[in-house]
Each structure stands twice: as C-alpha cells, then as structure tokens.
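Peer 1: Once you've had a glance at the structure underneath, I'll fire off some questions.
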Amino acid sequence: MIINSTRLLLFTAIYFVSLQSIAQDYREYHKAINKAEEFMFIKGDIDLGIKIYNNIFNSYDFVYTGDCLIAMQMALYKNNERAFLNFTKKAFQNGLSLKNFKKVWYIKNHNFFQKDTIFFEKIYSENRAHYLNRIDTNILKQIYYLFMDDQLEKNSIKKNGIKENNQEFEMRYKPALNRIMNKINEIITSNGVPLDRIIGISQKDLMKELKVNFPDLMDLYLINKNKSISTINRNQLIIQEELLYSSFFFPIIIHYQNLFRKYDSTLLIKQIGLGNIHPKDVAFLNDNFFQYNWGGHNSEKKLLSNTCYYSVGMSYNKLKANSLFVADSIINKCRTKLYIAPIEQDRAKWVFMIENKMNFGWGYNGCRS
C-alpha cells in the first residue's frame with residue numbers, strides 16, 4: 001500500500017509530534033524503528049520509512065548505529081542524498097568510524113559516495129567529537145579490566161604439567177566470575193547496563209583516540225600474556241569493529257549463564273527504556289540461556305510454559321515460515337513484550353538486504369539483525 005502525499009505529510013507530522021513528546025523513552029524509539037521498517041519492507045513505502053527514520057533521529061540524541069546504517073543504505077537505494085547525509089551525520093555522532101563507513105559495500109559502490117570521498121571525511125571530523133564526549137571513560141576503564149579479568153580466568157591452567165580437572169576449574173573460576181558479576185551489578189545499579197550508550201562501540205584503539213592514558217585491549221594482552229597462570233590467546237581480545245556494538249558485556253554474561261536469575265524482567269525493561277540495552281540483546285541472552293540450560297530443541301513444552309523464545313539474528317534456516325521448533329505465533333507473542341518486530345518483518349528485511357547486497361548484521365553474533 002502506497003500512501004498518497006497528503007496522507008504522508010499528515011502521518012509524519014503526527015508521528016513527529018508523538019516522538020518529541022515521549023523522547024527519551026527508548027521503548028518508543030524501538031516501536032518507531034519497527035514502524036519505519038514495516039513501511040519499508042512490508043508495505044513497500046520506503047519513502048515514508050525514511051521520513052520516520054529521520055524523525056526518530058531528530059528526536060533522540062543517542063541512537064543505535066546499526067539503525068543508522070539501515071537508514072543510510074535505504075536512502076541511497078531511493079537516491080535521497082539529503083536523507084543519506086543526515087543519517088550519515090547521525091551515525092558518525094553515534095560511533096560509526098570512517099574506516100567502517102568506507103567498508104560498507106552498498107555505500108562505497110554508490111555514485112554519491114564515489115564522487116567526493118573527501119567531503120565525507122570532513123563530515124566525520126565535524127561529528128566524531130560528539131560521540132567521544134558522550135563516552136563515560138571511567139566506566140569504560142572498569143569494563144576493560146573486568147573483561148580482561150574474565151578472559152584471564154576462563155582458561156584452564158596446568159599445575160606441574162597436569163591440566164586441572166572440571167571440578168578444580170569450577171572451584172577456581174566460579175568465585176572469580178561471581179566477583180566480576182558483582183562489579184558489573186554495581187555498575188548497572190549506579191549507571192545502567194554498560195553497552196553502546198554508556199561506553200561506546202568497541203574499537204581496538206579507542207583508548208588512544210580518547211587520550212585517557214589507558215591501555216587498549218592489545219596493550220592489556222601484552223602486559224598480561226606472560227604474567228597469567230592460564231594461557232591467554234591474543235584472539236580472545238580481537239574486536240570485530242564492523243558489528244557496531246559494545247562487545248565486552250556479552251561474553252561475561254554468557255559465561256555467568258544466569259542473567260535472568262540475577263536481573264528480573266522489570267529491571268531489563270527499564271534498561272531498554274533508558275537506551276542502555278537493545279531489546280534484541282536481551283532476547284539473544286534469553287535464547288542463549290534457554291538453549292544452554294534446558295536442552296534447546298528438546299524442551300519445547302518447558303519453553304512454552306516457563307519462558308520465551310525470540311529467535312533473533314539472521315540465519316538462512318529462519319527464512320521459511322514456522323521453520324523453527326517454536327511456531328512463529330509464539331515467537332511474535334514473545335517479541336511484542338520486548339518491542340521487537342514480528343519475525344515475518346525481520347525475514348522481509350533480511351531478504352531485501354541480501355538481494356541488494358546491503359549490510360545488516362549488527363550486534364553480538366549478529367543478534368541485532
């Protein structure tokens with residue numbers, strides 16, 4: 001369905017006033033993103049989707065960089081240069097590096113980008129400080145230490161050439177993990193979940209760019225590689241910058257494996273509303289916890305009675321309707337509680353992006369796709 005120009009203007013005017021009145025409630029932010037993508041990928045009205053994206057980004061200072069990249073590529077798809085520039089500025093203000101900007105296939109191969117690459121370097125330099133100034137460097141330093149602590153403790157050790165057994169490992173690692181989680185809990189209580197909004201997007205040389213006289217991850221690796229009683233591999237500290245999210249929180253939580261005993265749904269919904277955690281981050285951690293603890297595909301009855309399954313993150317086996325061990329209707333009922341679009345809408349978006357060679361796999365394990 002294509003909305004005529006009069007209805008489009010009326011709709012966007014009402015929607016803009018609505019967004020301004022509720023900002024900065026990020027539950028409404030995610031609902032609005034879902035609405036923009038519904039128009040784009042379900043109703044086929046990309047122009048209206050672009051307008052909604054523009055209103056969202058005007059209404060919120062912090063936005064998720066992956067959302068900017070979706071909007072940027074769709075603006076180029078419609079040859080809307082003005083919208084593309086607005087979305088690009090917003091992405092630079094929220095952590096997109098010039099290096100990763102230039103790696104996006106659909107952008108770098110578009111005529112608009114190719115005709116004046118120096119122009120985008122100027123825009124980047126004008127907007128980067130906005131992002132850097134938002135980062136809480138004190139919390140960022142704490143998270144670096146906690147992440148490094150976990151990475152040093154999680155590997156097995158040898159005593160007199162004999163590798164510790166599982167019981168010895170648990171006795172050593174569990175207290176360390178509890179100590180780390182207690183520190184994480186203190187940060188969440190005082191400041192919120194330490195992800196993109198608070199500590200920025202993971203970057204291998206972020207500390208150097210911030211000029212805070214603090215080691216980056218590889219520096220920490222070099223400092224600790226010969227001091228640790230366990231063997232640490234440098235690959236443990238390599239950052240996948242192109243996934244555009246803060247990567248330190250997730251490995252710790254996954255190792256801990258009971259986030260949902262420590263933090264009830266009320267706390268997590270509040271953190272979503274504050275913009276401190278993405279709904280699909282919560283959904284991924286829930287799905288991962290369920291599969292790890294309850295046996296995955298063999299636990300459908302337990303799933304239906306005791307928890308939710310959200311099926312976030314794109315994989316080809318998810319493209320077909322009702323292709324998972326839980327019916328789409330159950331998945332969508334769960335998704336609604338976390339302000340996540342129906343899985344049919346995600347599928348339509350995935351297919352469109354794949355067919356047009358666009359980037360869309362953001363977040364831990366691509367969970368924000």
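Convention: chains lettered A, B, ... in structure tokens order; per-chain residue numbering from 1; ligands numbered from 1 as shown.
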Using only C-alpha atoms, which protein or nucleic acid residues come within 10 Å of range 329-343 of chain A? Drop anything in the same chain fewer than 2 positions from it, and give the result as a PyMOL selection string.
Peer 2: chain A and resi 26-35+37-38+265+268-269+272+278-280+282-283+304+307-312+318-319+321-322+324+326-327+345-349
Peer 1: How close does each residue of range 136-232 of chain A get to range 94-103 of chain A, giving the shortest atom pair and distance in Å to one decimal for every residue with an atom at most 12 Å away, counting only C-alpha atoms, sorted by chain and residue number, as JSON lines?
Peer 2:
{"residue": "A:Asp196", "atom": "CA", "partner": "A:Gly95", "partner_atom": "CA", "distance": 8.7}
{"residue": "A:Arg197", "atom": "CA", "partner": "A:Asn94", "partner_atom": "CA", "distance": 8.5}
{"residue": "A:Ile198", "atom": "CA", "partner": "A:Asn94", "partner_atom": "CA", "distance": 11.1}
{"residue": "A:Ile199", "atom": "CA", "partner": "A:Gly95", "partner_atom": "CA", "distance": 10.3}
{"residue": "A:Gly200", "atom": "CA", "partner": "A:Gly95", "partner_atom": "CA", "distance": 6.6}
{"residue": "A:Ile201", "atom": "CA", "partner": "A:Gly95", "partner_atom": "CA", "distance": 6.0}
{"residue": "A:Ser202", "atom": "CA", "partner": "A:Gly95", "partner_atom": "CA", "distance": 9.1}
{"residue": "A:Gln203", "atom": "CA", "partner": "A:Ser97", "partner_atom": "CA", "distance": 9.0}
{"residue": "A:Lys204", "atom": "CA", "partner": "A:Ser97", "partner_atom": "CA", "distance": 11.6}
{"residue": "A:Asp205", "atom": "CA", "partner": "A:Ser97", "partner_atom": "CA", "distance": 11.5}
{"residue": "A:Leu206", "atom": "CA", "partner": "A:Gly95", "partner_atom": "CA", "distance": 10.6}
{"residue": "A:Glu209", "atom": "CA", "partner": "A:Ser97", "partner_atom": "CA", "distance": 11.5}
Peer 1: One decimal, in Å: what's the spacing between CA of Tyr364 in chain A and CA of Phe352 in chain A?
Peer 2: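 Result for CA of Tyr364 in chain A versus CA of Phe352 in chain A: 21.7 Å, one decimal.
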Peer 1: Would you compute the distance between CA of Asp25 in chain A and CA of Thr65 in chain A? Give it in Å to one decimal.
Peer 2: 17.4 Å
Peer 1: With a distance cut-off of 12 Å and only C-alpha atoms, select the neighbouring residues of Gly192 in chain A, excluding the residue or stretch itself and same-chain residues fewer than 3 positions from it, and output the selection as a PyMOL selection string.
Peer 2: chain A and resi 136+139+184-189+195-199+249+267-277
Peer 1: With a distance cut-off of 9 Å and only C-alpha atoms, select the neighbouring residues of range 105-118 of chain A, excluding the residue or stretch itself and same-chain residues fewer than 4 positions from it, and output the selection as a JSON list (two decimals) with N, CA and C atoms, in the first residue's frame.
Peer 2:
[["chain", "number", "residue", "atom", "x", "y", "z"],
["A", 72, "MET", "N", 20.71, 4.67, 6.18],
["A", 72, "MET", "CA", 21.63, 5.21, 5.18],
["A", 72, "MET", "C", 21.54, 4.45, 3.85],
["A", 73, "GLN", "N", 21.54, 3.13, 3.96],
["A", 73, "GLN", "CA", 21.50, 2.32, 2.74],
["A", 73, "GLN", "C", 20.16, 2.45, 2.02],
["A", 76, "LEU", "N", 20.09, 5.72, 0.13],
["A", 76, "LEU", "CA", 20.83, 5.60, -1.14],
["A", 76, "LEU", "C", 20.03, 4.80, -2.16],
["A", 77, "TYR", "N", 19.34, 3.77, -1.69],
["A", 77, "TYR", "CA", 18.52, 2.95, -2.58],
["A", 77, "TYR", "C", 17.50, 3.82, -3.31],
["A", 79, "ASN", "N", 17.99, 7.04, -3.79],
["A", 79, "ASN", "CA", 18.75, 8.20, -4.28],
["A", 79, "ASN", "C", 18.36, 9.49, -3.56],
["A", 81, "GLU", "N", 19.73, 11.85, -1.42],
["A", 81, "GLU", "CA", 21.04, 12.27, -0.92],
["A", 81, "GLU", "C", 20.92, 13.08, 0.36],
["A", 101, "PHE", "N", 32.72, 2.96, 7.86],
["A", 101, "PHE", "CA", 31.83, 3.60, 6.90],
["A", 101, "PHE", "C", 32.27, 3.27, 5.47],
["A", 122, "LYS", "N", 35.31, 15.18, 5.93],
["A", 122, "LYS", "CA", 35.02, 16.45, 6.61],
["A", 122, "LYS", "C", 33.81, 16.29, 7.55],
["A", 123, "ILE", "N", 32.77, 15.64, 7.07],
["A", 123, "ILE", "CA", 31.59, 15.41, 7.91],
["A", 123, "ILE", "C", 31.96, 14.58, 9.14],
["A", 356, "ASN", "N", 19.95, -7.05, -2.23],
["A", 356, "ASN", "CA", 20.57, -5.79, -2.66],
["A", 356, "ASN", "C", 21.99, -5.61, -2.14],
["A", 357, "LYS", "N", 22.55, -6.67, -1.58],
["A", 357, "LYS", "CA", 23.94, -6.68, -1.09],
["A", 357, "LYS", "C", 24.19, -5.56, -0.09],
["A", 358, "MET", "N", 23.28, -5.44, 0.85],
["A", 358, "MET", "CA", 23.38, -4.43, 1.90],
["A", 358, "MET", "C", 23.87, -5.08, 3.19],
["A", 359, "ASN", "N", 24.48, -4.28, 4.06],
["A", 359, "ASN", "CA", 24.93, -4.75, 5.38],
["A", 359, "ASN", "C", 23.79, -4.62, 6.38]]
Peer 1: May I ask which of the residues A:Ile143, A:Leu217, A:Leu244, A:Ile162 is the closest one to Asp67 in chain A, counting only C-alpha atoms?
Peer 2: A:Leu244
Peer 1: To one decimal place in Å, what is the distance between CA of Ser323 in chain A and CA of Pro251 in chain A?
Peer 2: 28.2 Å
Peer 1: Taking 4 positions as the minimum chain separation for residues in the same chain, which residues sit within 9 Å of Ser369 in chain A when counting only C-alpha atoms? Answer as a VMD selection string.
Peer 2: chain A and resid 66 280 312 to 314 346 350 360 to 363
Peer 1: Going by DSSP on the backbone, which bits of range 52-246 of chain A are strand (DSSP E or B)? Write them as an NGL selection string, please.
Peer 2: :A and (157-159 or 162-163 or 230)
Peer 1: Can you tell me, as a PyMOL selection string, what residues are no more than 10 Å from Ala83 in chain A when counting only C-alpha atoms, ignoring any on the same chain fewer than 3 positions away?
Peer 2: chain A and resi 50-51+53-54+71-72+74-76+78-80+86-89
Peer 1: Once DSSP has gone over the backbone, tell me which residues of range 119-276 of chain A are in alpha helix (DSSP H), as a ChimeraX atom specification.
Peer 2: /A:119-134,137-153,166-190,196-199,206-210,217-224,249-256,259-262,265-273
Peer 1: Could the residues in this selection be written to a file with C-alpha atoms, as an mmCIF file, in the first residue's frame?
Peer 2:
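part13.cif was written with the following content:
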data_model
loop_
_atom_site.group_PDB
_atom_site.id
_atom_site.type_symbol
_atom_site.label_atom_id
_atom_site.label_comp_id
_atom_site.auth_asym_id
_atom_site.auth_seq_id
_atom_site.Cartn_x
_atom_site.Cartn_y
_atom_site.Cartn_z
ATOM 1 C CA PHE A 119 33.504 15.506 1.661
ATOM 2 C CA PHE A 120 32.640 12.590 3.976
ATOM 3 C CA GLU A 121 35.956 12.846 5.782
ATOM 4 C CA LYS A 122 35.019 16.454 6.609
ATOM 5 C CA ILE A 123 31.592 15.407 7.909
ATOM 6 C CA TYR A 124 33.235 12.715 10.024
ATOM 7 C CA SER A 125 35.716 15.124 11.604
ATOM 8 C CA GLU A 126 32.877 17.545 12.411
ATOM 9 C CA ASN A 127 30.756 14.921 14.174
ATOM 10 C CA ARG A 128 33.178 12.477 15.801
ATOM 11 C CA ALA A 129 33.715 14.597 18.943
ATOM 12 C CA HIS A 130 30.014 14.411 19.771
ATOM 13 C CA TYR A 131 30.335 10.641 20.128
ATOM 14 C CA LEU A 132 33.626 10.649 22.020
ATOM 15 C CA ASN A 133 32.390 13.235 24.520
ATOM 16 C CA ARG A 134 29.395 11.061 25.413
ATOM 17 C CA THR A 137 35.590 6.823 30.260
ATOM 18 C CA ASN A 138 35.630 5.811 33.936
ATOM 19 C CA ILE A 139 33.137 3.021 33.340
ATOM 20 C CA LEU A 140 34.870 2.079 30.094
ATOM 21 C CA LYS A 141 38.126 1.551 32.011
ATOM 22 C CA GLN A 142 36.355 -0.591 34.613
ATOM 23 C CA ILE A 143 34.783 -2.739 31.896
ATOM 24 C CA TYR A 144 38.145 -3.240 30.190
ATOM 25 C CA TYR A 145 39.593 -4.545 33.458
ATOM 26 C CA LEU A 146 36.578 -6.779 34.158
ATOM 27 C CA PHE A 147 36.596 -8.178 30.623
ATOM 28 C CA MET A 148 40.329 -8.835 30.836
ATOM 29 C CA ASP A 149 39.903 -10.438 34.261
ATOM 30 C CA ASP A 150 37.301 -12.835 32.875
ATOM 31 C CA GLN A 151 39.414 -13.694 29.837
ATOM 32 C CA LEU A 152 42.396 -14.489 32.062
ATOM 33 C CA GLU A 153 40.361 -16.649 34.441
ATOM 34 C CA ASN A 166 36.454 -29.826 35.691
ATOM 35 C CA GLN A 167 35.870 -29.703 39.422
ATOM 36 C CA GLU A 168 39.103 -27.802 40.026
ATOM 37 C CA PHE A 169 38.226 -25.421 37.204
ATOM 38 C CA GLU A 170 34.786 -24.720 38.658
ATOM 39 C CA MET A 171 36.209 -24.139 42.134
ATOM 40 C CA ARG A 172 38.683 -21.620 40.734
ATOM 41 C CA TYR A 173 36.594 -19.895 38.042
ATOM 42 C CA LYS A 174 33.214 -19.617 39.762
ATOM 43 C CA PRO A 175 34.370 -17.323 42.602
ATOM 44 C CA ALA A 176 36.234 -15.165 40.061
ATOM 45 C CA LEU A 177 33.129 -14.924 37.879
ATOM 46 C CA ASN A 178 30.956 -14.069 40.864
ATOM 47 C CA ARG A 179 33.404 -11.321 41.797
ATOM 48 C CA ILE A 180 33.276 -9.925 38.246
ATOM 49 C CA MET A 181 29.472 -10.115 38.140
ATOM 50 C CA ASN A 182 29.195 -8.283 41.452
ATOM 51 C CA LYS A 183 31.204 -5.428 39.964
ATOM 52 C CA ILE A 184 29.028 -5.479 36.824
ATOM 53 C CA ASN A 185 25.956 -5.355 39.067
ATOM 54 C CA GLU A 186 27.302 -2.295 40.864
ATOM 55 C CA ILE A 187 27.785 -0.544 37.520
ATOM 56 C CA ILE A 188 24.276 -1.474 36.339
ATOM 57 C CA THR A 189 22.750 -0.248 39.604
ATOM 58 C CA SER A 190 24.569 3.087 39.530
ATOM 59 C CA ASP A 196 26.795 1.334 23.472
ATOM 60 C CA ARG A 197 25.123 4.359 25.054
ATOM 61 C CA ILE A 198 27.426 4.445 28.082
ATOM 62 C CA ILE A 199 30.803 3.159 26.853
ATOM 63 C CA LEU A 206 39.558 3.664 21.325
ATOM 64 C CA MET A 207 41.575 4.478 24.450
ATOM 65 C CA LYS A 208 44.276 6.080 22.348
ATOM 66 C CA GLU A 209 41.723 8.145 20.462
ATOM 67 C CA LEU A 210 40.136 9.232 23.749
ATOM 68 C CA LEU A 217 42.938 -4.391 24.716
ATOM 69 C CA MET A 218 46.038 -5.495 22.832
ATOM 70 C CA ASP A 219 48.145 -3.473 25.237
ATOM 71 C CA LEU A 220 46.486 -5.344 28.103
ATOM 72 C CA TYR A 221 47.236 -8.608 26.329
ATOM 73 C CA LEU A 222 50.924 -7.746 26.023
ATOM 74 C CA ILE A 223 51.036 -6.702 29.681
ATOM 75 C CA ASN A 224 49.392 -9.911 30.927
ATOM 76 C CA PHE A 249 29.345 -7.296 28.450
ATOM 77 C CA PHE A 250 28.116 -10.318 26.475
ATOM 78 C CA PRO A 251 30.948 -12.838 26.997
ATOM 79 C CA ILE A 252 30.873 -12.254 30.753
ATOM 80 C CA ILE A 253 27.095 -12.698 30.947
ATOM 81 C CA ILE A 254 27.217 -15.818 28.767
ATOM 82 C CA HIS A 255 29.940 -17.301 30.968
ATOM 83 C CA TYR A 256 27.864 -16.480 34.041
ATOM 84 C CA LEU A 259 21.460 -13.312 33.907
ATOM 85 C CA PHE A 260 17.739 -13.949 34.259
ATOM 86 C CA ARG A 261 18.032 -15.081 37.841
ATOM 87 C CA LYS A 262 20.043 -12.006 38.783
ATOM 88 C CA SER A 265 12.332 -8.596 33.565
ATOM 89 C CA THR A 266 11.254 -5.311 35.211
ATOM 90 C CA LEU A 267 14.881 -4.205 35.517
ATOM 91 C CA LEU A 268 15.697 -5.200 31.936
ATOM 92 C CA ILE A 269 12.612 -3.467 30.502
ATOM 93 C CA LYS A 270 13.644 -0.328 32.405
ATOM 94 C CA GLN A 271 17.139 -0.564 30.921
ATOM 95 C CA ILE A 272 15.652 -0.906 27.421
ATOM 96 C CA GLY A 273 13.573 2.205 28.087
#
